[in-house]
Structure formats: C-alpha cells, structure tokens
file target.tsv (TSV, C-alpha atoms)
chain	number	residue	atom	x	y	z
A	1	MET	CA	6.77	5.04	18.00
A	2	ALA	CA	7.22	6.25	21.55
A	3	SER	CA	5.39	8.86	23.65
A	4	THR	CA	7.57	11.45	21.92
A	5	THR	CA	5.29	11.34	18.86
A	6	LEU	CA	3.69	14.55	17.60
A	7	PHE	CA	0.91	14.96	15.02
A	8	LEU	CA	1.10	18.01	12.74
A	9	LEU	CA	-2.03	19.03	10.80
A	10	CYS	CA	-1.43	21.50	7.99
A	11	ASP	CA	-3.85	24.16	6.72
A	12	LEU	CA	-7.07	22.14	6.41
A	13	GLN	CA	-9.16	25.30	6.08
A	14	SER	CA	-12.78	25.53	4.93
A	15	ILE	CA	-11.93	27.78	2.02
A	16	PHE	CA	-10.13	24.90	0.32
A	17	ARG	CA	-13.12	22.52	0.30
A	18	THR	CA	-13.88	23.00	-3.38
A	19	ALA	CA	-10.29	23.42	-4.51
A	20	ILE	CA	-8.53	20.35	-3.09
A	21	HIS	CA	-8.78	16.99	-4.84
A	22	GLU	CA	-11.02	14.66	-2.76
A	23	TYR	CA	-10.95	17.11	0.13
A	24	HIS	CA	-13.69	15.35	2.10
A	25	HIS	CA	-11.65	12.14	2.17
A	26	VAL	CA	-8.70	14.05	3.61
A	27	VAL	CA	-10.97	15.35	6.38
A	28	ALA	CA	-12.36	11.87	7.08
A	29	THR	CA	-8.90	10.32	7.38
A	30	THR	CA	-7.69	13.24	9.48
A	31	ASN	CA	-10.51	12.67	11.94
A	32	LYS	CA	-9.56	8.99	12.13
A	33	MET	CA	-5.97	10.00	12.91
A	34	LEU	CA	-7.17	12.42	15.58
A	35	LYS	CA	-8.97	9.51	17.25
A	36	PHE	CA	-5.65	7.69	17.34
A	37	ALA	CA	-3.98	10.77	18.80
A	38	LYS	CA	-6.59	10.88	21.56
A	39	LEU	CA	-6.32	7.15	22.24
A	40	PHE	CA	-2.54	7.21	22.55
A	41	GLU	CA	-2.43	10.69	24.12
A	42	TYR	CA	-0.24	12.28	21.45
A	43	PRO	CA	-0.19	16.06	21.16
A	44	VAL	CA	-1.51	17.69	17.99
A	45	ILE	CA	-0.36	21.02	16.57
A	46	VAL	CA	-2.35	22.67	13.79
A	47	THR	CA	-1.45	25.41	11.34
A	48	THR	CA	-3.46	27.75	9.19
A	49	GLN	CA	-2.15	29.53	6.11
A	50	ASN	CA	-2.78	33.26	6.39
A	51	ALA	CA	-6.02	32.85	8.34
A	52	LYS	CA	-6.79	36.56	8.13
A	53	ALA	CA	-7.34	36.14	4.39
A	54	LEU	CA	-8.18	32.44	4.10
A	55	GLY	CA	-10.12	31.75	7.27
A	56	PRO	CA	-9.97	29.13	10.04
A	57	ILE	CA	-9.58	25.38	10.14
A	58	ASP	CA	-12.62	23.54	8.77
A	59	PRO	CA	-15.06	22.88	11.64
A	60	GLN	CA	-15.56	19.38	10.21
A	61	VAL	CA	-12.09	18.61	11.60
A	62	ASP	CA	-12.82	17.34	15.10
A	63	LEU	CA	-10.19	19.20	17.08
A	64	ALA	CA	-12.58	19.76	19.99
A	65	SER	CA	-12.50	16.05	20.87
A	66	LEU	CA	-8.79	16.29	21.63
A	67	GLY	CA	-9.10	18.60	24.62
A	68	ILE	CA	-5.66	19.59	25.90
A	69	LEU	CA	-3.97	17.31	23.35
A	70	HIS	CA	-4.70	20.04	20.80
A	71	ARG	CA	-1.73	22.05	21.91
A	72	GLN	CA	-2.10	25.02	19.61
A	73	THR	CA	-3.32	26.34	16.27
A	74	ILE	CA	-0.65	28.61	14.79
A	75	ASP	CA	-1.08	30.87	11.79
A	76	LYS	CA	1.71	31.16	9.25
A	77	THR	CA	2.63	32.68	5.92
A	78	LEU	CA	5.59	30.41	5.21
A	79	PHE	CA	4.68	27.25	3.35
A	80	SER	CA	6.67	24.99	5.68
A	81	MET	CA	5.03	24.32	9.03
A	82	PHE	CA	8.42	24.26	10.73
A	83	ILE	CA	8.26	27.89	11.80
A	84	PRO	CA	9.95	29.15	15.01
A	85	GLU	CA	6.83	28.65	17.16
A	86	ILE	CA	6.57	25.01	16.14
A	87	GLN	CA	10.31	24.50	16.46
A	88	ALA	CA	10.00	25.67	20.08
A	89	LEU	CA	7.09	23.31	20.76
A	90	VAL	CA	8.94	20.38	19.20
A	91	SER	CA	11.84	21.06	21.54
A	92	GLU	CA	9.57	21.51	24.55
A	93	LEU	CA	7.71	18.26	23.88
A	94	GLY	CA	10.87	16.25	23.23
A	95	THR	CA	9.49	15.17	19.87
A	96	ARG	CA	11.30	12.37	18.07
A	97	THR	CA	8.60	11.21	15.65
A	98	VAL	CA	6.36	13.50	13.57
A	99	VAL	CA	3.21	12.42	11.74
A	100	LEU	CA	2.14	14.85	8.99
A	101	MET	CA	-1.35	15.37	7.54
A	102	GLY	CA	-3.09	18.10	5.54
A	103	ILE	CA	-2.59	20.13	2.39
A	104	GLU	CA	-1.07	20.67	-0.05
A	105	SER	CA	1.02	17.56	-0.63
A	106	HIS	CA	3.49	19.17	-3.02
A	107	ILE	CA	3.88	22.47	-1.17
A	108	CYS	CA	3.42	22.70	2.60
A	109	ILE	CA	3.60	18.97	3.38
A	110	LEU	CA	6.64	18.45	1.16
A	111	GLN	CA	8.50	21.50	2.47
A	112	THR	CA	7.70	20.63	6.10
A	113	ALA	CA	8.84	17.03	5.74
A	114	LEU	CA	12.08	17.97	4.00
A	115	GLU	CA	12.86	20.68	6.54
A	116	LEU	CA	12.20	18.35	9.47
A	117	LEU	CA	14.63	15.84	7.98
A	118	SER	CA	17.28	18.42	7.05
A	119	GLN	CA	17.36	19.77	10.60
A	120	SER	CA	17.16	16.38	12.33
A	121	SER	CA	20.64	16.74	13.83
A	122	ILE	CA	19.44	19.90	15.56
A	123	ASN	CA	15.83	19.10	16.41
A	124	LYS	CA	16.52	15.44	17.31
A	125	ILE	CA	13.64	14.19	15.17
A	126	SER	CA	14.44	10.67	14.00
A	127	GLU	CA	11.32	9.75	12.00
A	128	VAL	CA	8.94	11.69	9.79
A	129	TYR	CA	5.74	9.97	8.64
A	130	VAL	CA	3.27	11.26	6.05
A	131	VAL	CA	-0.25	9.84	6.15
A	132	ALA	CA	-0.77	9.09	2.45
A	133	ASP	CA	-4.58	9.00	2.68
A	134	ALA	CA	-4.70	12.24	4.70
A	135	VAL	CA	-2.90	14.54	2.25
A	136	SER	CA	-3.89	16.00	-1.10
A	137	SER	CA	-3.42	18.92	-3.50
A	138	CYS	CA	-5.52	21.01	-5.86
A	139	ASN	CA	-4.25	18.97	-8.80
A	140	ALA	CA	-4.37	15.21	-8.29
A	141	PHE	CA	-1.26	14.64	-10.41
A	142	GLU	CA	0.87	16.57	-7.91
A	143	VAL	CA	0.25	14.11	-5.08
A	144	PRO	CA	2.14	10.99	-6.24
A	145	ILE	CA	5.09	13.10	-7.39
A	146	ALA	CA	5.32	14.76	-3.96
A	147	LEU	CA	4.94	11.45	-2.10
A	148	ASP	CA	7.61	9.89	-4.27
A	149	ALA	CA	10.01	12.78	-3.60
A	150	MET	CA	9.42	12.56	0.14
A	151	ARG	CA	9.88	8.80	0.14
A	152	HIS	CA	13.22	9.12	-1.65
A	153	ALA	CA	14.31	11.77	0.88
A	154	GLY	CA	13.74	9.38	3.76
A	155	VAL	CA	10.17	10.18	4.80
A	156	LYS	CA	8.05	7.15	5.69
A	157	VAL	CA	4.95	7.41	3.50
A	158	LEU	CA	2.29	5.06	4.88
A	159	THR	CA	-1.48	4.75	5.11
A	160	SER	CA	-3.51	5.75	8.15
A	161	GLU	CA	-4.11	2.11	8.99
A	162	SER	CA	-0.40	1.22	8.79
A	163	ILE	CA	0.52	4.12	11.03
A	164	GLY	CA	-2.30	3.26	13.41
A	165	PHE	CA	-0.99	-0.27	13.87
A	166	LEU	CA	2.54	1.06	14.36
A	167	LEU	CA	1.18	3.24	17.15
A	168	MET	CA	-0.79	0.36	18.66
A	169	ARG	CA	2.13	-2.12	18.50
A	170	ASP	CA	0.58	-4.88	20.65
A	171	ALA	CA	-2.89	-6.48	20.56
A	172	SER	CA	-2.54	-7.49	24.21
A	173	LEU	CA	-2.58	-3.88	25.44
A	174	PRO	CA	-5.77	-2.60	27.14
A	175	SER	CA	-6.17	0.14	24.52
A	176	PHE	CA	-6.48	-2.41	21.71
A	177	ARG	CA	-10.25	-2.81	22.14
A	178	GLU	CA	-10.82	0.89	21.52
A	179	PHE	CA	-8.27	0.86	18.71
A	180	ALA	CA	-10.09	-2.04	17.02
A	181	ARG	CA	-13.39	-0.15	17.36
A	182	ILE	CA	-11.89	2.87	15.56
A	183	ILE	CA	-10.56	0.64	12.79
A	184	LYS	CA	-13.92	-1.08	12.40
A	185	GLU	CA	-15.96	2.14	12.45
A	186	SER	CA	-13.73	3.79	9.86
A	187	LYS	CA	-13.49	0.77	7.56
A	188	GLY	CA	-15.77	2.25	4.90
A	189	SER	CA	-14.24	5.71	4.89
A	190	THR	CA	-10.73	4.23	4.91
A	191	LYS	CA	-11.49	2.15	1.81
A	192	ALA	CA	-13.11	5.12	0.04
A	193	ALA	CA	-10.23	7.46	0.87
A	194	GLY	CA	-7.64	4.96	-0.27
A	195	GLU	CA	-9.39	4.33	-3.57
A	196	ALA	CA	-9.87	8.05	-4.18
A	197	LEU	CA	-6.46	9.33	-3.08
A	198	LEU	CA	-4.01	6.48	-3.62
A	199	GLN	CA	-4.62	5.18	-7.12
A	200	ARG	CA	-1.06	6.25	-7.97
A	201	THR	CA	1.60	6.16	-5.28
A	202	SER	CA	4.81	6.41	-7.31
A	203	LEU	CA	6.10	7.33	-10.75

call {"tool": "encode", "arguments": {"input": "target.tsv", "output": "structure tokens"}}
result
Amino acid sequence: MASTTLFLLCDLQSIFRTAIHEYHHVVATTNKMLKFAKLFEYPVIVTTQNAKALGPIDPQVDLASLGILHRQTIDKTLFSMFIPEIQALVSELGTRTVVLMGIESHICILQTALELLSQSSINKISEVYVVADAVSSCNAFEVPIALDAMRHAGVKVLTSESIGFLLMRDASLPSFREFARIIKESKGSTKAAGEALLQRTSL
C-alpha cells in the first residue's frame, strides 16, 4: 500500500451502541486502525448516517488524535459512503487504496465496497480492503454473509493485524518500533475482537 491509501470510517455513532453486535469490539479495533493511520500519515474520512436524527460519531472513537489527518466528517442519507463529497476527496487525494471500517457490514460497508469497485475505472481505485474485525451489524448472522459477498466481488477482507503489517511492509523502517508497540498494546483487544466478531468468516 502506498501513500495513496485512505481510511474510510462509516457511521460509528453512539446511538448504535446497544444495537450493533459486539459494538465495543468494533470501536476498539477502529481505534487501533486510527493509530496505524496516524503512524503512516494516512488521511481518514468519516461519515455519519443522518446525524440530525441519529447523532454524532461516538466520542469513544479517537478521532481527535489524528489532527489534520481527520480530513472531514460528512453526513449522509445514502447507505453507500461513496457520495459526491467523498468522490471529490478521493480524487483530490489521489487515492488508490481504500480501507473500510464501521457499520453495518451488510448495508453501508457492502454498498460502499461494491460501488468503489464498480467505479474503479473512473476513480482509479485499485484495491479495497475491509477490516474484518472492525465491522459489524445488528444481527451477527449478517456479517459473514456480507464479508463473503465482498470477498467474491474482489474486496480484500483481512484482519486489522494483517492490514497493519501490509502497511508496515518492512521491519527495518524507523516506524517499526512504534508499530510494534501498537501491536503489543492492542494484543488483548485484538484477540477479544477476533474471537467475538470472526467466529464465522464464510458460508
């Protein structure tokens, strides 16, 4: 993954805390991924779903730590994140690789991933990754079906740790020490999230 990588965080709003399966694990993994974004200096774009009715992003999501890397939080009513405002930012940033996190797996994440792929000849995006331990749905059974559909469409469905090491690439780089610290500090939450969210990964 090159410097043209963009992280997209979808609709992780406080109102969904009690509705989404293993919500707190999604938040924990998201915060781990945001540490990677900060380390590698990747921009992050966030969406909310109808914030006027459903409220803001959960304050437990550590967007403040990103500083200017948090490019924008954009409200939407469409389920797909790939709305005109984000299309414009993708073009402006020269994005080639997108990493998706958030909710719900079978609605907004699925529709965003499929739309990114279907328009790849226009938007120049070559790779779409979904962080398997940073997505969920209200009903747990929806998640593996959605991940399986995305995988068959060409989306790369991987864990946060796999994606982290793809971003890191080389243990000889100066940033590896900080990367290793993040991996070590999140070891417990990574294991818990994986066991809670990834018991079934395909049909």

call {"tool": "atom_distance", "arguments": {"input": "target.tsv", "atom1": "CA of Ser160 (chain A)", "atom2": "CA of Ser189 (chain A)"}}
result
11.2 Å

call {"tool": "residues_around", "arguments": {"input": "target.tsv", "residues": "Asp148 (chain A)", "least_positions_apart": "2", "cutoff": "12 Å", "atoms": "only C-alpha atoms", "output": "ChimeraX atom specification"}}
result
/A:105-106,110,130,132,141-146,150-158,200-203

call {"tool": "closest_atom_pairs", "arguments": {"input": "target.tsv", "of": "region 96-184 of chain A", "to": "region 63-78 of chain A", "cutoff": "12 Å", "atoms": "all atoms listed in the file", "output": "CSV"}}
result
residue,atom,partner,partner_atom,distance
A:Ile107,CA,A:Leu78,CA,10.3
A:Cys108,CA,A:Leu78,CA,8.4
A:Ile109,CA,A:Leu78,CA,11.8
A:Gln111,CA,A:Leu78,CA,9.8
A:Thr112,CA,A:Leu78,CA,10.0

call {"tool": "closest_residue", "arguments": {"input": "target.tsv", "among": "A:Ala51, A:Ala180, A:Ala192, A:Leu197", "to": "Leu39 (chain A)", "atoms": "all atoms listed in the file"}}
result
A:Ala180

call {"tool": "closest_residue", "arguments": {"input": "target.tsv", "among": "A:Ser80, A:Asp11, A:Val61, A:Thr29", "to": "Val46 (chain A)", "atoms": "all atoms listed in the file"}}
result
A:Asp11

call {"tool": "closest_residue", "arguments": {"input": "target.tsv", "among": "A:Ser136, A:Arg181, A:Val27, A:Gln13", "to": "Gly55 (chain A)", "atoms": "all atoms listed in the file"}}
result
A:Gln13

call {"tool": "atom_distance", "arguments": {"input": "target.tsv", "atom1": "CA of Leu167 (chain A)", "atom2": "CA of Cys10 (chain A)"}}
result
20.6 Å

call {"tool": "closest_residue", "arguments": {"input": "target.tsv", "among": "A:Thr48, A:Ser120, A:Ser172, A:Thr159", "to": "Gly194 (chain A)", "atoms": "only C-alpha atoms"}}
result
A:Thr159

call {"tool": "closest_residue", "arguments": {"input": "target.tsv", "among": "A:Val98, A:Ala113, A:Ala149, A:Ala196", "to": "Ile125 (chain A)", "atoms": "all atoms listed in the file"}}
result
A:Val98

call {"tool": "atom_distance", "arguments": {"input": "target.tsv", "atom1": "CA of Gly94 (chain A)", "atom2": "CA of Thr5 (chain A)"}}
result
8.6 Å

call {"tool": "closest_residue", "arguments": {"input": "target.tsv", "among": "A:Tyr23, A:Phe16, A:Phe82, A:Phe7", "to": "Ile45 (chain A)", "atoms": "only C-alpha atoms"}}
result
A:Phe7
